[in-house]
file run16.csv (CSV, C-alpha atoms)
chain,number,residue,atom,x,y,z
M,28,MET,CA,0.0,0.0,0.0
M,29,GLN,CA,2.8,2.3,0.9
M,30,ASP,CA,4.5,1.5,-2.4
M,31,LEU,CA,1.3,2.3,-4.3
M,32,MET,CA,1.1,5.7,-2.6
M,33,TYR,CA,4.7,6.4,-3.3
M,34,LEU,CA,4.1,5.5,-7.0
M,35,LEU,CA,1.0,7.8,-7.2
M,36,ARG,CA,2.9,10.7,-5.7
M,37,PHE,CA,5.7,10.2,-8.1
M,38,VAL,CA,3.4,10.0,-11.1
M,39,THR,CA,1.6,13.2,-10.1
M,40,THR,CA,4.9,15.0,-9.7
M,41,LEU,CA,6.1,13.7,-13.0
M,42,LEU,CA,2.9,15.0,-14.8
M,43,ALA,CA,3.2,18.4,-13.1
M,44,ILE,CA,6.8,18.7,-14.4
M,45,LEU,CA,5.8,17.5,-17.9
M,46,LEU,CA,3.0,20.0,-18.0
M,47,PHE,CA,5.3,22.8,-17.0
M,48,PHE,CA,7.9,22.0,-19.5
M,49,ARG,CA,5.9,20.7,-22.4
M,50,VAL,CA,2.4,22.1,-22.5
M,51,ASP,CA,3.1,25.5,-21.2
M,52,GLY,CA,6.4,25.6,-23.1
M,53,PRO,CA,7.2,25.8,-26.7
M,54,ALA,CA,3.8,24.8,-28.1
M,55,ALA,CA,1.8,27.3,-26.0
M,56,ARG,CA,3.9,30.4,-26.1
M,57,GLN,CA,4.7,31.9,-29.5
M,58,THR,CA,5.8,35.2,-30.9
M,59,VAL,CA,4.3,36.4,-34.1
M,60,VAL,CA,6.9,38.1,-36.3
M,61,SER,CA,5.6,40.1,-39.3
M,62,GLY,CA,6.5,43.0,-41.5
M,63,SER,CA,7.9,44.0,-44.9
M,64,VAL,CA,11.2,44.4,-46.7
M,65,THR,CA,11.9,47.1,-49.2
M,66,ASP,CA,15.0,48.6,-50.8
M,67,GLU,CA,16.0,52.2,-50.2
M,68,SER,CA,13.6,53.6,-52.7
M,69,GLY,CA,10.7,51.8,-51.0
M,70,ALA,CA,10.3,49.1,-53.7
M,71,SER,CA,9.3,45.7,-52.3
M,72,LEU,CA,11.9,43.1,-52.0
M,73,PRO,CA,10.6,39.6,-52.5
M,74,LEU,CA,12.4,36.3,-51.5
M,75,ALA,CA,14.2,37.9,-48.5
M,76,ASN,CA,15.4,35.4,-45.9
M,77,ILE,CA,14.1,36.4,-42.5
M,78,TYR,CA,15.3,34.2,-39.6
M,79,PHE,CA,16.6,34.2,-36.0
M,80,GLU,CA,20.3,33.7,-36.1
M,81,GLY,CA,21.5,30.2,-35.3
M,82,THR,CA,18.1,28.7,-35.6
M,83,THR,CA,15.8,27.3,-38.3
M,84,GLN,CA,13.0,29.7,-37.2
M,85,GLY,CA,12.1,32.0,-40.1
M,86,THR,CA,10.4,32.5,-43.4
M,87,VAL,CA,10.7,34.1,-46.9
M,88,SER,CA,9.1,37.4,-47.9
M,89,ASP,CA,6.4,37.1,-50.6
M,90,LEU,CA,6.3,38.9,-53.9
M,91,SER,CA,5.1,42.1,-52.2
M,92,GLY,CA,8.0,41.9,-49.7
M,93,ARG,CA,5.7,41.0,-46.8
M,94,PHE,CA,6.3,38.2,-44.3
M,95,GLN,CA,4.9,36.6,-41.2
M,96,PHE,CA,5.9,33.6,-39.1
M,97,THR,CA,5.6,32.4,-35.5
M,98,THR,CA,8.5,31.3,-33.3
M,99,HIS,CA,8.6,29.5,-30.0
M,100,LEU,CA,12.0,31.1,-29.1
M,101,ARG,CA,12.2,32.9,-25.8
M,102,GLY,CA,14.9,35.2,-24.4
M,103,ASP,CA,17.5,37.1,-26.4
M,104,ALA,CA,17.4,36.4,-30.1
M,105,GLU,CA,18.9,38.1,-33.1
M,106,LEU,CA,16.6,38.6,-36.1
M,107,VAL,CA,18.3,38.7,-39.5
M,108,VAL,CA,16.8,40.0,-42.8
M,109,SER,CA,19.0,39.1,-45.7
M,110,VAL,CA,18.6,39.5,-49.4
M,111,LEU,CA,21.3,38.6,-51.9
M,112,GLY,CA,22.7,41.8,-53.4
M,113,TYR,CA,21.8,43.9,-50.3
M,114,LYS,CA,23.4,44.5,-46.9
M,115,PRO,CA,21.8,42.3,-44.3
M,116,TRP,CA,19.9,43.8,-41.4
M,117,ARG,CA,20.2,42.5,-37.9
M,118,LYS,CA,18.5,43.4,-34.6
M,119,SER,CA,18.4,41.7,-31.2
M,120,PHE,CA,15.1,41.2,-29.5
M,121,SER,CA,14.2,39.9,-26.0
M,122,LEU,CA,11.3,37.5,-26.7
M,123,SER,CA,8.8,36.7,-23.9
M,124,GLY,CA,6.8,34.3,-25.9
M,125,THR,CA,3.7,36.5,-26.1
M,126,ASP,CA,5.1,39.3,-28.2
M,127,SER,CA,4.0,40.4,-31.6
M,128,LEU,CA,6.9,42.0,-33.6
M,129,LYS,CA,6.1,44.2,-36.5
M,130,ILE,CA,9.1,45.2,-38.5
M,131,ARG,CA,9.7,47.4,-41.6
M,132,VAL,CA,13.1,46.9,-43.0
M,133,ARG,CA,14.8,49.0,-45.7
M,134,LEU,CA,17.9,47.4,-47.1
M,135,ARG,CA,20.8,49.2,-48.8
M,136,GLU,CA,22.4,47.7,-51.9
M,137,GLU,CA,25.7,46.0,-51.3
M,138,ALA,CA,28.7,47.4,-53.0
M,139,LEU,CA,30.1,45.3,-55.8
M,140,ASN,CA,33.3,43.6,-54.9
M,141,LEU,CA,36.7,44.5,-56.4
M,142,GLY,CA,37.0,41.0,-57.9
M,143,GLU,CA,34.2,41.8,-60.2
M,144,ALA,CA,35.8,45.1,-61.3
M,145,SER,CA,39.2,43.5,-62.0
M,146,VAL,CA,37.8,41.3,-64.7
M,147,THR,CA,37.3,44.1,-67.1
M,148,GLY,CA,41.0,43.8,-68.2
M,149,SER,CA,43.9,46.2,-67.9
M,150,ALA,CA,42.7,48.5,-70.7
M,151,PHE,CA,39.3,49.0,-69.1
M,152,SER,CA,40.8,49.2,-65.6
M,153,GLY,CA,43.1,52.0,-66.7
M,154,LEU,CA,40.1,53.8,-68.1
M,155,CYS,CA,38.2,53.4,-64.9
M,156,MET,CA,41.0,54.7,-62.8
M,157,GLN,CA,41.2,57.8,-64.9
M,158,GLU,CA,37.6,58.5,-65.5
M,159,PHE,CA,36.1,57.7,-62.2
M,160,PRO,CA,37.1,58.3,-58.6
M,161,SER,CA,36.4,54.7,-57.4
M,162,ILE,CA,36.5,51.2,-58.8
M,163,LEU,CA,33.0,50.7,-57.6
M,164,THR,CA,31.6,53.5,-59.7
M,165,CYS,CA,33.5,52.2,-62.6
M,166,GLU,CA,32.1,48.7,-62.2
M,167,ILE,CA,28.5,50.0,-62.1
M,168,THR,CA,29.1,52.1,-65.2
M,169,VAL,CA,30.7,49.2,-67.0
M,170,LYS,CA,27.9,46.9,-66.2
M,171,SER,CA,25.2,49.3,-67.4
F,254,MET,CA,10.7,-1.2,-5.4
F,255,LYS,CA,11.0,2.4,-4.4
F,256,HIS,CA,14.4,2.6,-6.0
F,257,THR,CA,13.2,0.9,-9.2
F,258,ILE,CA,10.3,3.3,-9.6
F,259,TYR,CA,12.5,6.3,-8.9
F,260,ILE,CA,15.1,5.3,-11.4
F,261,LEU,CA,12.6,4.4,-14.1
F,262,SER,CA,10.7,7.7,-13.6
F,263,VAL,CA,13.9,9.8,-13.7
F,264,LEU,CA,14.9,8.0,-16.9
F,265,PHE,CA,11.5,8.6,-18.5
F,266,LEU,CA,11.5,12.2,-17.6
F,267,TRP,CA,15.0,12.7,-18.9
F,268,SER,CA,14.2,11.0,-22.2
F,269,VAL,CA,11.1,13.0,-22.7
F,270,LEU,CA,12.7,16.4,-22.0
F,271,LEU,CA,15.7,15.7,-24.2
F,272,SER,CA,14.0,13.8,-27.0
F,273,ASP,CA,13.7,16.7,-29.4
F,274,THR,CA,17.3,17.8,-29.0
F,275,VAL,CA,18.7,14.3,-29.4
F,276,LEU,CA,16.6,13.5,-32.4
F,277,ALA,CA,17.6,16.8,-34.0
F,278,GLN,CA,21.2,16.0,-33.5
F,279,GLN,CA,20.8,12.5,-34.9
F,280,VAL,CA,19.2,13.9,-38.1
F,281,SER,CA,21.9,16.5,-38.5
F,282,GLU,CA,24.8,14.0,-38.1
F,283,SER,CA,23.8,10.7,-39.6
F,284,GLY,CA,21.0,11.7,-41.9
F,285,LYS,CA,22.6,14.6,-43.6
F,286,ASP,CA,22.5,12.9,-47.0
F,287,SER,CA,18.8,12.2,-46.8
F,288,VAL,CA,18.0,15.7,-45.6
F,289,ILE,CA,19.8,17.2,-48.6
F,290,ALA,CA,18.2,14.6,-50.9
F,291,GLY,CA,14.8,15.5,-49.4
F,292,LEU,CA,15.4,19.2,-50.0
F,293,SER,CA,16.5,18.6,-53.6
F,294,SER,CA,13.4,16.6,-54.2
F,295,GLN,CA,11.2,19.4,-52.8
F,296,LEU,CA,13.2,21.8,-55.0
F,297,ARG,CA,12.3,19.8,-58.1
F,298,ASP,CA,8.6,20.0,-57.2
F,299,ALA,CA,8.9,23.8,-56.4
F,300,VAL,CA,10.5,24.4,-59.7
F,301,LEU,CA,7.7,22.6,-61.5
F,302,ALA,CA,5.1,24.6,-59.5
F,303,GLY,CA,7.0,27.8,-60.3
F,304,ASP,CA,6.9,28.6,-56.6
F,305,SER,CA,9.7,31.1,-56.1
F,306,GLU,CA,9.1,31.6,-52.4
F,307,ASN,CA,9.4,27.9,-51.8
F,308,ILE,CA,12.5,27.7,-54.0
F,309,ALA,CA,14.1,30.5,-52.0
F,310,SER,CA,13.1,28.9,-48.8
F,311,LEU,CA,14.8,25.6,-49.9
F,312,ALA,CA,17.9,27.5,-51.0
F,313,TYR,CA,18.2,29.0,-47.6
F,314,GLN,CA,17.6,25.6,-45.9
F,315,LEU,CA,20.4,24.1,-48.0
F,316,GLU,CA,22.8,26.8,-47.0
F,317,PRO,CA,23.9,25.3,-43.7
F,318,PHE,CA,24.9,22.1,-45.5
F,319,THR,CA,27.1,24.0,-47.9
F,320,LYS,CA,29.5,25.3,-45.3
F,321,LYS,CA,31.5,22.5,-43.8
F,322,ASP,CA,33.9,20.5,-45.9
F,323,GLU,CA,32.3,17.2,-45.4
F,324,GLN,CA,31.1,14.3,-47.5
F,325,PHE,CA,27.9,15.7,-48.9
F,326,THR,CA,28.9,19.4,-49.1
F,327,SER,CA,29.3,19.3,-52.9
F,328,TYR,CA,25.8,18.0,-53.4
F,329,ALA,CA,24.4,20.7,-51.1
F,330,GLN,CA,26.3,23.3,-53.0
F,331,TYR,CA,25.0,22.0,-56.3
F,332,HIS,CA,21.3,21.9,-55.2
F,333,ALA,CA,21.6,25.3,-53.5
F,334,ALA,CA,23.1,26.7,-56.8
F,335,HIS,CA,20.3,25.1,-58.7
F,336,ALA,CA,17.8,26.9,-56.5
F,337,TYR,CA,19.5,30.2,-57.0
F,338,TYR,CA,19.7,29.5,-60.8
F,339,ARG,CA,15.9,29.1,-60.8
F,340,LEU,CA,15.3,32.2,-58.7
F,341,ALA,CA,17.4,34.2,-61.3
F,342,THR,CA,15.4,32.8,-64.2
F,343,ILE,CA,11.8,32.9,-63.0
F,344,PRO,CA,10.4,36.1,-64.7
F,345,GLY,CA,9.4,38.8,-62.2
F,346,ALA,CA,10.4,36.8,-59.2
F,347,ALA,CA,13.3,39.1,-58.1
F,348,THR,CA,14.8,42.5,-58.7
F,349,GLU,CA,17.7,42.9,-61.0
F,350,LYS,CA,20.0,43.4,-58.1
F,351,GLN,CA,18.7,40.2,-56.5
F,352,ILE,CA,19.2,38.3,-59.8
F,353,ASP,CA,22.9,39.4,-59.8
F,354,GLY,CA,23.1,38.2,-56.2
F,355,PHE,CA,21.5,34.8,-57.0
F,356,LEU,CA,23.8,34.3,-60.0
F,357,ASN,CA,26.9,35.2,-57.9
F,358,LYS,CA,25.8,32.9,-55.1
F,359,ALA,CA,25.2,30.0,-57.6
F,360,GLN,CA,28.6,30.6,-59.2
F,361,ASP,CA,30.3,30.6,-55.8
F,362,HIS,CA,28.7,27.3,-54.8
F,363,LEU,CA,29.4,25.6,-58.1
F,364,GLU,CA,33.0,26.7,-58.2
F,365,SER,CA,33.5,25.5,-54.7
F,366,ALA,CA,31.9,22.2,-55.5
F,367,ILE,CA,34.2,21.8,-58.5
F,368,ASP,CA,37.2,22.8,-56.3
F,369,SER,CA,36.3,19.8,-54.0
F,370,ASP,CA,35.5,17.5,-56.9
F,371,PRO,CA,36.9,18.5,-60.3
F,372,GLU,CA,35.1,15.6,-62.0
F,373,PHE,CA,31.6,16.8,-60.8
F,374,ALA,CA,30.1,16.9,-64.3
F,375,GLU,CA,26.7,18.2,-63.2
F,376,ALA,CA,28.3,21.1,-61.5
F,377,HIS,CA,30.3,22.0,-64.7
F,378,ILE,CA,27.0,21.8,-66.7
F,379,LEU,CA,25.1,24.1,-64.4
F,380,LEU,CA,28.1,26.5,-64.1
F,381,SER,CA,28.3,26.8,-67.9
F,382,SER,CA,24.7,28.1,-67.7
F,383,ILE,CA,25.5,30.6,-64.9
F,384,TYR,CA,28.5,31.9,-66.8
F,385,GLY,CA,26.4,32.0,-70.0
F,386,MET,CA,23.8,34.2,-68.2
F,387,LYS,CA,26.5,36.5,-66.8
F,388,ALA,CA,28.0,36.8,-70.3
F,389,ALA,CA,25.0,38.8,-71.5
F,390,GLY,CA,26.7,42.2,-71.7
F,391,PHE,CA,29.6,43.1,-74.0
F,392,ILE,CA,32.2,43.6,-71.3
F,393,SER,CA,31.0,40.7,-69.1
F,394,GLY,CA,30.8,38.6,-72.3
F,395,MET,CA,34.6,38.9,-72.7
F,396,LYS,CA,35.0,37.5,-69.2
F,397,TYR,CA,32.2,34.9,-68.9
F,398,GLY,CA,31.8,33.8,-72.6
F,399,PRO,CA,35.1,31.9,-72.6
F,400,ARG,CA,34.4,30.5,-69.1
F,401,ALA,CA,31.0,29.2,-70.3
F,402,GLN,CA,32.6,27.6,-73.2
F,403,SER,CA,35.3,26.0,-71.1
F,404,ALA,CA,32.8,24.7,-68.5
F,405,THR,CA,30.7,23.2,-71.4
F,406,GLU,CA,33.7,21.5,-72.9
F,407,LYS,CA,34.8,20.1,-69.5
F,408,ALA,CA,31.3,18.8,-68.9
F,409,ARG,CA,31.2,17.2,-72.4
F,410,SER,CA,34.5,15.5,-71.7
F,411,LEU,CA,33.2,14.1,-68.4
F,412,ALA,CA,29.6,13.2,-69.3
F,413,PRO,CA,28.9,13.5,-73.0
F,414,ASP,CA,25.5,11.7,-72.7
F,415,ASN,CA,24.2,13.7,-69.8
F,416,PRO,CA,20.8,15.1,-71.0
F,417,ARG,CA,21.2,18.3,-68.9
F,418,LEU,CA,24.4,19.1,-70.7
F,419,HIS,CA,22.5,19.3,-74.0
F,420,LEU,CA,19.4,20.9,-72.5
F,421,ILE,CA,21.5,23.8,-71.0
F,422,GLU,CA,23.4,24.1,-74.3
F,423,GLY,CA,20.2,24.2,-76.2
F,424,ILE,CA,18.7,26.9,-74.0
F,425,GLY,CA,21.9,28.9,-74.4
F,426,ASN,CA,21.9,28.5,-78.1
F,427,ILE,CA,18.4,30.1,-78.4
F,428,TYR,CA,19.9,33.3,-77.0
F,429,LYS,CA,23.4,33.1,-78.4
F,430,PRO,CA,23.9,34.8,-81.8
F,431,LYS,CA,24.6,32.6,-84.8
F,432,MET,CA,28.0,34.3,-85.3
F,433,PHE,CA,29.0,32.9,-81.9
F,434,GLY,CA,27.8,29.4,-82.7
F,435,GLY,CA,24.2,29.7,-81.4
F,436,GLY,CA,20.9,30.2,-83.2
F,437,ILE,CA,17.6,28.4,-83.3
F,438,ASP,CA,18.8,25.5,-85.5
F,439,ARG,CA,21.6,24.7,-83.1
F,440,ALA,CA,19.2,25.0,-80.2
F,441,LEU,CA,16.8,22.5,-81.8
F,442,GLU,CA,19.6,20.1,-82.4
F,443,SER,CA,20.8,20.2,-78.7
F,444,ILE,CA,17.3,20.0,-77.2
F,445,GLU,CA,16.4,17.0,-79.4
F,446,LYS,CA,19.6,15.3,-78.3
F,447,ALA,CA,18.7,16.0,-74.7
F,448,ILE,CA,15.2,14.5,-75.2
F,449,ALA,CA,16.7,11.4,-76.8
F,450,LEU,CA,19.0,11.0,-73.7
F,451,TYR,CA,16.5,11.5,-70.9
F,452,PRO,CA,14.9,8.0,-70.9
F,453,ASP,CA,18.4,6.7,-69.9
F,454,ASP,CA,19.0,9.3,-67.3
F,455,SER,CA,18.9,7.3,-64.1
F,456,PRO,CA,20.5,9.0,-61.0
F,457,SER,CA,22.7,6.6,-59.1
F,458,SER,CA,21.7,8.1,-55.7
F,459,PRO,CA,18.9,10.3,-54.4
F,460,LEU,CA,21.5,13.1,-54.1
F,461,ASP,CA,22.1,13.2,-57.9
F,462,PRO,CA,20.3,15.8,-60.0
F,463,ASP,CA,17.4,14.4,-62.1
F,464,TRP,CA,15.6,17.5,-63.4
F,465,GLY,CA,14.9,18.7,-66.9
F,466,HIS,CA,12.9,16.0,-68.8
F,467,ALA,CA,9.6,17.9,-69.1
F,468,GLU,CA,11.6,21.2,-69.3
F,469,ALA,CA,13.3,19.9,-72.5
F,470,TYR,CA,9.9,19.5,-74.1
F,471,ALA,CA,8.9,23.0,-72.9
F,472,TRP,CA,11.9,24.5,-74.7
F,473,LEU,CA,11.3,22.2,-77.8
F,474,GLY,CA,7.8,23.6,-78.0
F,475,GLN,CA,9.0,27.2,-77.8
F,476,ILE,CA,11.6,26.5,-80.6
F,477,HIS,CA,8.8,25.1,-82.8
F,478,GLU,CA,6.7,28.1,-82.0
F,479,MET,CA,9.6,30.4,-83.0
F,480,ASN,CA,9.8,28.4,-86.3
F,481,GLY,CA,6.1,29.0,-86.8
F,482,ASP,CA,5.1,25.3,-86.3
F,483,SER,CA,2.2,25.5,-83.9
F,484,LYS,CA,1.2,21.9,-84.3
F,485,LYS,CA,4.7,20.6,-83.3
F,486,ALA,CA,4.8,23.2,-80.5
F,487,ARG,CA,1.5,22.0,-79.1
F,488,ASP,CA,2.6,18.4,-79.3
F,489,ALA,CA,5.8,19.2,-77.3
F,490,PHE,CA,3.9,21.1,-74.6
F,491,ILE,CA,1.4,18.2,-74.3
F,492,LYS,CA,4.3,15.8,-74.0
F,493,ALA,CA,5.8,18.0,-71.2
F,494,LEU,CA,2.5,17.7,-69.4
F,495,GLU,CA,2.4,13.9,-69.8
F,496,ILE,CA,5.7,13.7,-68.0
F,497,GLU,CA,4.8,16.3,-65.4
F,498,PRO,CA,1.1,17.0,-65.3
F,499,GLU,CA,1.4,19.8,-62.8
F,500,TYR,CA,4.1,21.7,-64.7
F,501,GLN,CA,2.7,25.2,-64.1
F,502,TRP,CA,4.8,27.0,-66.7
F,503,VAL,CA,3.6,24.8,-69.5
F,504,LYS,CA,0.0,24.3,-68.2
F,505,TYR,CA,-0.8,27.9,-67.4
F,506,GLU,CA,1.5,30.0,-69.6
F,507,LEU,CA,3.1,28.3,-72.6
F,508,LEU,CA,0.1,26.1,-73.8
F,509,PRO,CA,-2.6,28.7,-73.2
F,510,ALA,CA,-0.5,31.4,-75.0
F,511,LEU,CA,-0.2,29.1,-77.9
F,512,GLU,CA,-3.9,28.2,-78.0
F,513,THR,CA,-4.9,31.9,-78.1
F,514,LYS,CA,-2.7,32.6,-81.2
call {"tool": "encode", "arguments": {"input": "run16.csv", "output": "structure tokens"}}
result
Amino acid sequence: MQDLMYLLRFVTTLLAILLFFRVDGPAARQTVVSGSVTDESGASLPLANIYFEGTTQGTVSDLSGRFQFTTHLRGDAELVVSVLGYKPWRKSFSLSGTDSLKIRVRLREEALNLGEASVTGSAFSGLCMQEFPSILTCEITVKS
Amino acid sequence: MKHTIYILSVLFLWSVLLSDTVLAQQVSESGKDSVIAGLSSQLRDAVLAGDSENIASLAYQLEPFTKKDEQFTSYAQYHAAHAYYRLATIPGAATEKQIDGFLNKAQDHLESAIDSDPEFAEAHILLSSIYGMKAAGFISGMKYGPRAQSATEKARSLAPDNPRLHLIEGIGNIYKPKMFGGGIDRALESIEKAIALYPDDSPSSPLDPDWGHAEAYAWLGQIHEMNGDSKKARDAFIKALEIEPEYQWVKYELLPALETK
């Protein structure tokens, strides 16, 4: 009889712990993250990668640059908005699990790297150096 | 008895609380190849559905597998590059700046995959297309034109009967001027060769690329259309849909556009 009581007490404790960690944990508490991504001119940026650093929690912006996802993360987390060809945006948030984050992100174009410019050959490089103050400007001009 | 119950309970509690973490680690360590294969399979479906958001999502999901120099990295790099290649070619899916970014990323991945495995024919094939797209301008043509040619030649020496080699070459020939060896006739020749080779295209592992069969018919139909042969164009589009009934590009764009002519 004493053993049975002991077992019951243990099972009750176990259930309480499980309820605390599992039911009231990740599944129950979520943060909704939503917003939009544009370039500097305000034009929508589709296919942006929006995620919390070091996790698989995130989504992709739609064709109008909007996004929404939920995360069960809690505590400090760094949100990253990244689009190839643009400088990534990062910001840390302290998530309580009941937040609703609304974010508008404007991304700046990333400068083209020097490796791209160097391809143009010595004749064109010489022209760039004379005509333009920077290799970057030169590369943009050449590409257009 | 008390001790037994106590030990069993503690073990149970421990296993429940840690199960998610342990399982996740097991997948990431031992099942990496099947995860990459699964993502590439989803990518194939997303391409057929023309779902750019899903393609982008899959590209981003493949990224973590491209970083470490391990057994399956080259495959992850290939499939991620394939995803970026698709994002760069779906009309209206991305801005011009993004397209440059997608092409650069695809190029980086494929060059890295080839650095690890110089005999990776599929990577040479896809890279030839990336170089070809980057060779569009006059100046960039001087840089990337020869590179595209070199990648194609390398791929041909490694896998002359790979249908994707001829498909990519055929698509390139549609846009390449005749004076540089392109043109519609050359394109038709390459696409027909690809179509003849697809029935024997059997990937040796789930990680190997297997795309392009229905796509070859989609391009064949467009070439016939350019040549003014609507009947042959329609037959080719129908054939594409026989292979992939839910091929959105053919089902909702190419075929309806032909029917309204």
call {"tool": "closest_residue", "arguments": {"input": "run16.csv", "among": "F:Lys387, F:Lys396, F:His332, F:Arg297", "to": "chain M", "atoms": "all atoms listed in the file"}}
result
F:Lys396
call {"tool": "interface_residues", "arguments": {"input": "run16.csv", "of": "chain F", "to": "chain M", "cutoff": "6 Å", "atoms": "only C-alpha atoms", "output": "ChimeraX atom specification"}}
result
/F:306,350-351,354
call {"tool": "atom_distance", "arguments": {"input": "run16.csv", "atom1": "atom CA of Ala366 of chain F", "atom2": "atom CA of Phe325 of chain F"}}
result
10.1 Å
call {"tool": "atom_distance", "arguments": {"input": "run16.csv", "atom1": "atom CA of Ile421 of chain F", "atom2": "atom CA of Phe355 of chain F"}}
result
17.8 Å
call {"tool": "residues_around", "arguments": {"input": "run16.csv", "residues": "segment 128-134 of chain M", "least_positions_apart": "3", "cutoff": "10 Å", "atoms": "all atoms listed in the file", "output": "number ranges by chain"}}
result
M: 58-72, 92-95, 97, 108-110, 112-117, 120, 122, 125, 137
call {"tool": "closest_residue", "arguments": {"input": "run16.csv", "among": "M:Arg56, M:Ser91, M:Asp103, M:Arg36", "to": "Gly124 of chain M", "atoms": "only C-alpha atoms"}}
result
M:Arg56
call {"tool": "atom_distance", "arguments": {"input": "run16.csv", "atom1": "atom CA of Leu315 of chain F", "atom2": "atom CA of Ser455 of chain F"}}
result
23.3 Å
call {"tool": "residues_around", "arguments": {"input": "run16.csv", "residues": "His335 of chain F", "least_positions_apart": "4", "cutoff": "8 Å", "atoms": "all atoms listed in the file", "output": "PDB file with C-alpha atoms, in the frame of the given file"}}
result
ATOM      1  CA  TYR F 331      25.000  22.000 -56.300  1.00  0.00           C
ATOM      2  CA  ARG F 339      15.900  29.100 -60.800  1.00  0.00           C
ATOM      3  CA  ALA F 359      25.200  30.000 -57.600  1.00  0.00           C
ATOM      4  CA  LEU F 379      25.100  24.100 -64.400  1.00  0.00           C
TER       5      LEU F 379
END
call {"tool": "residues_near_point", "arguments": {"input": "run16.csv", "point": "(13.9, 34.5, -25.3)", "cutoff": "7 Å", "atoms": "all atoms listed in the file", "output": "PDB file with C-alpha atoms, keeping the file's coordinate frame"}}
result
ATOM      1  CA  LEU M 100      12.000  31.100 -29.100  1.00  0.00           C
ATOM      2  CA  ARG M 101      12.200  32.900 -25.800  1.00  0.00           C
ATOM      3  CA  GLY M 102      14.900  35.200 -24.400  1.00  0.00           C
ATOM      4  CA  ASP M 103      17.500  37.100 -26.400  1.00  0.00           C
ATOM      5  CA  ALA M 104      17.400  36.400 -30.100  1.00  0.00           C
ATOM      6  CA  SER M 121      14.200  39.900 -26.000  1.00  0.00           C
ATOM      7  CA  LEU M 122      11.300  37.500 -26.700  1.00  0.00           C
ATOM      8  CA  SER M 123       8.800  36.700 -23.900  1.00  0.00           C
TER       9      SER M 123
END
call {"tool": "residues_around", "arguments": {"input": "run16.csv", "residues": "Ala469 of chain F", "least_positions_apart": "5", "cutoff": "9 Å", "atoms": "only C-alpha atoms", "output": "PyMOL selection string"}}
result
chain F and resi 417+420+423-424+444-445+447-448+474+489+493
